[in-house]
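Okay, structure first, notes after.
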Amino acid sequence: AERVLVKSNIRIIGLGRRAELVAKIQLRHSLGTSLRREVRTNLILSRLVESHPELGRRRGFAIPRVIRSSAPGRWLIEERAPGVMATEADVAAFLARYGRPFYGLTARPRAWRPVDEREQLVAEAARLVPGAAVDPGEQPVVVALCHGDLTRTNLLRGAGGIWLVDFEVTRVMPLAFDLANTAGHFPALAGLALAILRQVTAAKGGASAERQFLLGLARASLIHAAGLDAHVAGQTTLLGRSRDHALRMHESKTQVIAEMVRAVASAAPPEVA
């Protein structure tokens, strides 16, 4: 029997057909579109990563291969990804070593689309930094196949290197959105995230990296604000913390994101800030 990692809301390590049965049970209530996206993404990215000279298992970076999945996307079994949840230092090391080549696999410039909600993001960035020139206008944005939730819970550190997992929210979107989301979780990595965006933008073309990143942070700000109720519920119900404590935590992150926006705007070239 082959030891596998069953992908679901709860990670389960099992053996052979028993693991498959558990997968069916655990994933019965999952969205089929989410699972189908994850299967497609794993198949695409695992092949791209393994074929890239700076990435792949020999370079210490891997994406679990799909062993088996159901046609409608109801369940998914991947190879076992041995390791422990990453730390902030691991996330920083991953971005520093693999960020540019990983995103560069699929990065390209394209025009802003309505789904990017540029006008809403420009308004939010202008609110956070009054007077700053934040609108990229008609200049293209750099898009890539982005993980969508690149945080420590989706990186596993093992003896063989780093594993990137959980692609259920992966899609092609502005690269700044993915990097700003990670910076929202780890403010100390904002400079590294912006540096990666600058490198990719310089290679692919597009609006200034600073303006793209500012709108990415504005998006993180809006998502954070919209998640207030869910945050409070999670802190109070699951972790047993007081509502006041949960509100203070939420407000603290709100301030951190706002400070990052101001820092990027103030450090940007004159034509941006």
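Ordering of the structure tokens sets the chain letters (A, B, ...), residue numbers begin anew at 1 in every chain, and ligands are numbered from 1 in the order given.
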
| task | Write out as a PyMOL selection string all residues of region 61-220 of chain A that backbone DSSP assigns to helix (DSSP H, G or I). | result | chain A and resi 88-104+114-116+118-128+152-154+175-185+187-204+209-220

| field | Thr41 (chain A) environment, 9 Å, only C-alpha atoms, sequence neighbours closer than 2 positions dropped, as a list of chain:residue names | value |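 Selected residues are A:Arg36, A:Arg37, A:Glu38, A:Val39, A:Leu43, A:Ile44, A:Leu45, A:Ser46, A:Leu145, A:Phe167, A:Glu168, A:Thr170, A:Arg171.
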
Based on the selection just made, write all heavy atoms of those residues as a tab-separated table (two decimals), in the first residue's frame.
```tsv
chain	number	residue	atom	x	y	z
A	36	ARG	N	-11.68	20.67	-8.87
A	36	ARG	CA	-11.25	20.58	-10.27
A	36	ARG	C	-10.12	21.57	-10.55
A	36	ARG	O	-9.17	21.25	-11.25
A	36	ARG	CB	-12.44	20.83	-11.21
A	36	ARG	CG	-13.39	19.65	-11.31
A	36	ARG	CD	-14.33	19.80	-12.50
A	36	ARG	NE	-15.27	20.91	-12.33
A	36	ARG	CZ	-16.45	20.80	-11.73
A	36	ARG	NH1	-16.81	19.63	-11.22
A	36	ARG	NH2	-17.26	21.83	-11.62
A	37	ARG	N	-10.25	22.77	-9.99
A	37	ARG	CA	-9.19	23.77	-10.17
A	37	ARG	C	-7.89	23.27	-9.54
A	37	ARG	O	-6.81	23.44	-10.10
A	37	ARG	CB	-9.60	25.10	-9.54
A	37	ARG	CG	-8.54	26.19	-9.70
A	37	ARG	CD	-8.88	27.45	-8.93
A	37	ARG	NE	-10.12	28.03	-9.38
A	37	ARG	CZ	-11.18	28.22	-8.61
A	37	ARG	NH1	-11.15	27.81	-7.36
A	37	ARG	NH2	-12.26	28.76	-9.08
A	38	GLU	N	-8.00	22.65	-8.37
A	38	GLU	CA	-6.79	22.18	-7.70
A	38	GLU	C	-6.11	21.08	-8.50
A	38	GLU	O	-4.88	21.05	-8.62
A	38	GLU	CB	-7.11	21.69	-6.29
A	38	GLU	CG	-5.88	21.26	-5.52
A	38	GLU	CD	-6.10	21.18	-4.03
A	38	GLU	OE1	-7.23	21.41	-3.57
A	38	GLU	OE2	-5.13	20.87	-3.33
A	39	VAL	N	-6.90	20.15	-9.04
A	39	VAL	CA	-6.32	19.08	-9.84
A	39	VAL	C	-5.61	19.66	-11.06
A	39	VAL	O	-4.46	19.31	-11.36
A	39	VAL	CB	-7.41	18.08	-10.28
A	39	VAL	CG1	-6.84	17.09	-11.29
A	39	VAL	CG2	-7.97	17.34	-9.08
A	43	LEU	N	-1.48	19.57	-11.80
A	43	LEU	CA	-0.95	18.92	-13.00
A	43	LEU	C	-0.10	19.89	-13.81
A	43	LEU	O	0.98	19.54	-14.30
A	43	LEU	CB	-2.10	18.38	-13.85
A	43	LEU	CG	-2.87	17.19	-13.27
A	43	LEU	CD1	-4.08	16.87	-14.13
A	43	LEU	CD2	-1.96	15.98	-13.15
A	44	ILE	N	-0.59	21.12	-13.96
A	44	ILE	CA	0.14	22.12	-14.75
A	44	ILE	C	1.42	22.56	-14.05
A	44	ILE	O	2.52	22.50	-14.61
A	44	ILE	CB	-0.76	23.34	-15.03
A	44	ILE	CG1	-1.91	22.96	-15.95
A	44	ILE	CG2	0.07	24.48	-15.65
A	44	ILE	CD1	-2.96	24.05	-16.10
A	45	LEU	N	1.29	22.98	-12.78
A	45	LEU	CA	2.43	23.55	-12.08
A	45	LEU	C	3.49	22.50	-11.75
A	45	LEU	O	4.69	22.79	-11.80
A	45	LEU	CB	1.98	24.27	-10.82
A	45	LEU	CG	1.43	25.67	-11.02
A	45	LEU	CD1	1.03	26.30	-9.69
A	45	LEU	CD2	2.46	26.58	-11.71
A	46	SER	N	3.07	21.30	-11.40
A	46	SER	CA	4.07	20.28	-11.07
A	46	SER	C	4.96	20.00	-12.29
A	46	SER	O	6.18	19.83	-12.16
A	46	SER	CB	3.40	19.00	-10.57
A	46	SER	OG	2.55	18.45	-11.56
A	145	LEU	N	-0.18	32.88	-12.94
A	145	LEU	CA	-0.94	31.86	-12.24
A	145	LEU	C	-0.50	31.92	-10.79
A	145	LEU	O	0.60	31.47	-10.44
A	145	LEU	CB	-0.67	30.48	-12.84
A	145	LEU	CG	-1.50	29.33	-12.29
A	145	LEU	CD1	-2.99	29.56	-12.50
A	145	LEU	CD2	-1.08	28.00	-12.92
A	167	PHE	N	-4.16	24.33	-3.69
A	167	PHE	CA	-4.35	25.22	-4.82
A	167	PHE	C	-5.82	25.48	-5.14
A	167	PHE	O	-6.17	25.82	-6.26
A	167	PHE	CB	-3.67	24.63	-6.07
A	167	PHE	CG	-2.18	24.54	-5.94
A	167	PHE	CD1	-1.58	23.38	-5.49
A	167	PHE	CD2	-1.37	25.62	-6.25
A	167	PHE	CE1	-0.20	23.28	-5.37
A	167	PHE	CE2	0.01	25.54	-6.13
A	167	PHE	CZ	0.59	24.36	-5.69
A	168	GLU	N	-6.70	25.33	-4.16
A	168	GLU	CA	-8.12	25.44	-4.47
A	168	GLU	C	-8.57	26.85	-4.82
A	168	GLU	O	-9.64	27.04	-5.39
A	168	GLU	CB	-8.98	24.88	-3.32
A	168	GLU	CG	-8.72	25.51	-1.98
A	168	GLU	CD	-7.78	24.69	-1.15
A	168	GLU	OE1	-6.72	24.28	-1.68
A	168	GLU	OE2	-8.07	24.46	0.04
A	170	THR	N	-6.41	28.96	-6.49
A	170	THR	CA	-5.45	29.39	-7.50
A	170	THR	C	-6.15	29.85	-8.77
A	170	THR	O	-7.11	29.23	-9.21
A	170	THR	CB	-4.49	28.23	-7.83
A	170	THR	OG1	-3.71	27.95	-6.68
A	170	THR	CG2	-3.58	28.58	-8.99
A	171	ARG	N	-5.65	30.93	-9.35
A	171	ARG	CA	-6.17	31.41	-10.62
A	171	ARG	C	-5.18	32.41	-11.21
A	171	ARG	O	-4.25	32.85	-10.52
A	171	ARG	CB	-7.53	32.08	-10.46
A	171	ARG	CG	-7.54	33.33	-9.60
A	171	ARG	CD	-8.96	33.86	-9.42
A	171	ARG	NE	-9.04	35.01	-8.54
A	171	ARG	CZ	-8.91	36.27	-8.92
A	171	ARG	NH1	-8.71	36.54	-10.20
A	171	ARG	NH2	-9.01	37.26	-8.07
```

| request: For region 82-98 of chain A, work out the shell of residues within 10 Å, counting only C-alpha atoms and skipping chain neighbours fewer than 6 positions away, then give it as JSON, numbers by chain. | output: {"A": [4, 5, 54, 55, 56, 59, 60, 61, 64, 104, 150, 151, 152, 153, 154, 155, 156, 157, 158, 159, 160, 161, 162, 163, 164, 179, 182, 185, 186, 188, 189, 192, 193, 195, 196]}

| request: Between CA of Met173 (chain A) and CA of Leu197 (chain A), measure the distance and give it in Å to one decimal. | output: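 Rounded to one decimal, the two atoms are 13.4 Å apart.
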
| request: Identify which of the residues A:Ala230, A:Val172, A:Ala218, A:Ala263 lies closest to Val142 (chain A), counting only C-alpha atoms when measuring atom-to-atom distances. | output: A:Val172

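Remark: for Val115 (chain A), the closest of the candidate residues A:Ser51, A:Ala81, A:Pro174, A:Leu239 is A:Pro174 (distances computed over only C-alpha atoms).
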
| field | Distance query Pro140 (chain A) at most 8 Å, only C-alpha atoms, self and fewer than 4 positions along chain excluded, as a ChimeraX atom specification | value | /A:109-112,136,205-207

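If you measure from each of A:Val122, A:Val141, A:Val49, A:Ile77 to Ala202 (chain A) using only C-alpha atoms, the closest one turns out to be A:Val141.
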
| query | With only C-alpha atoms as the atoms that count, which of A:Asp178, A:Pro114, A:Ala133, A:Val232 lies nearest to His245 (chain A)? | reply | A:Val232

| request: Check the smallest atom-to-atom distance from each of A:Asn42, A:Thr106, A:Asn181, A:Gln199 to Leu214 (chain A) using only C-alpha atoms, then report the winner. | output: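 With only C-alpha atoms as the atom set, the closest residue is A:Asn181.
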
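Between CA of Ala107 (chain A) and CA of Ala123 (chain A) the interatomic distance comes to 26.0 Å.
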
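In this model, the gap between CA of Arg118 (chain A) and CA of Ala176 (chain A) comes to 12.3 Å.
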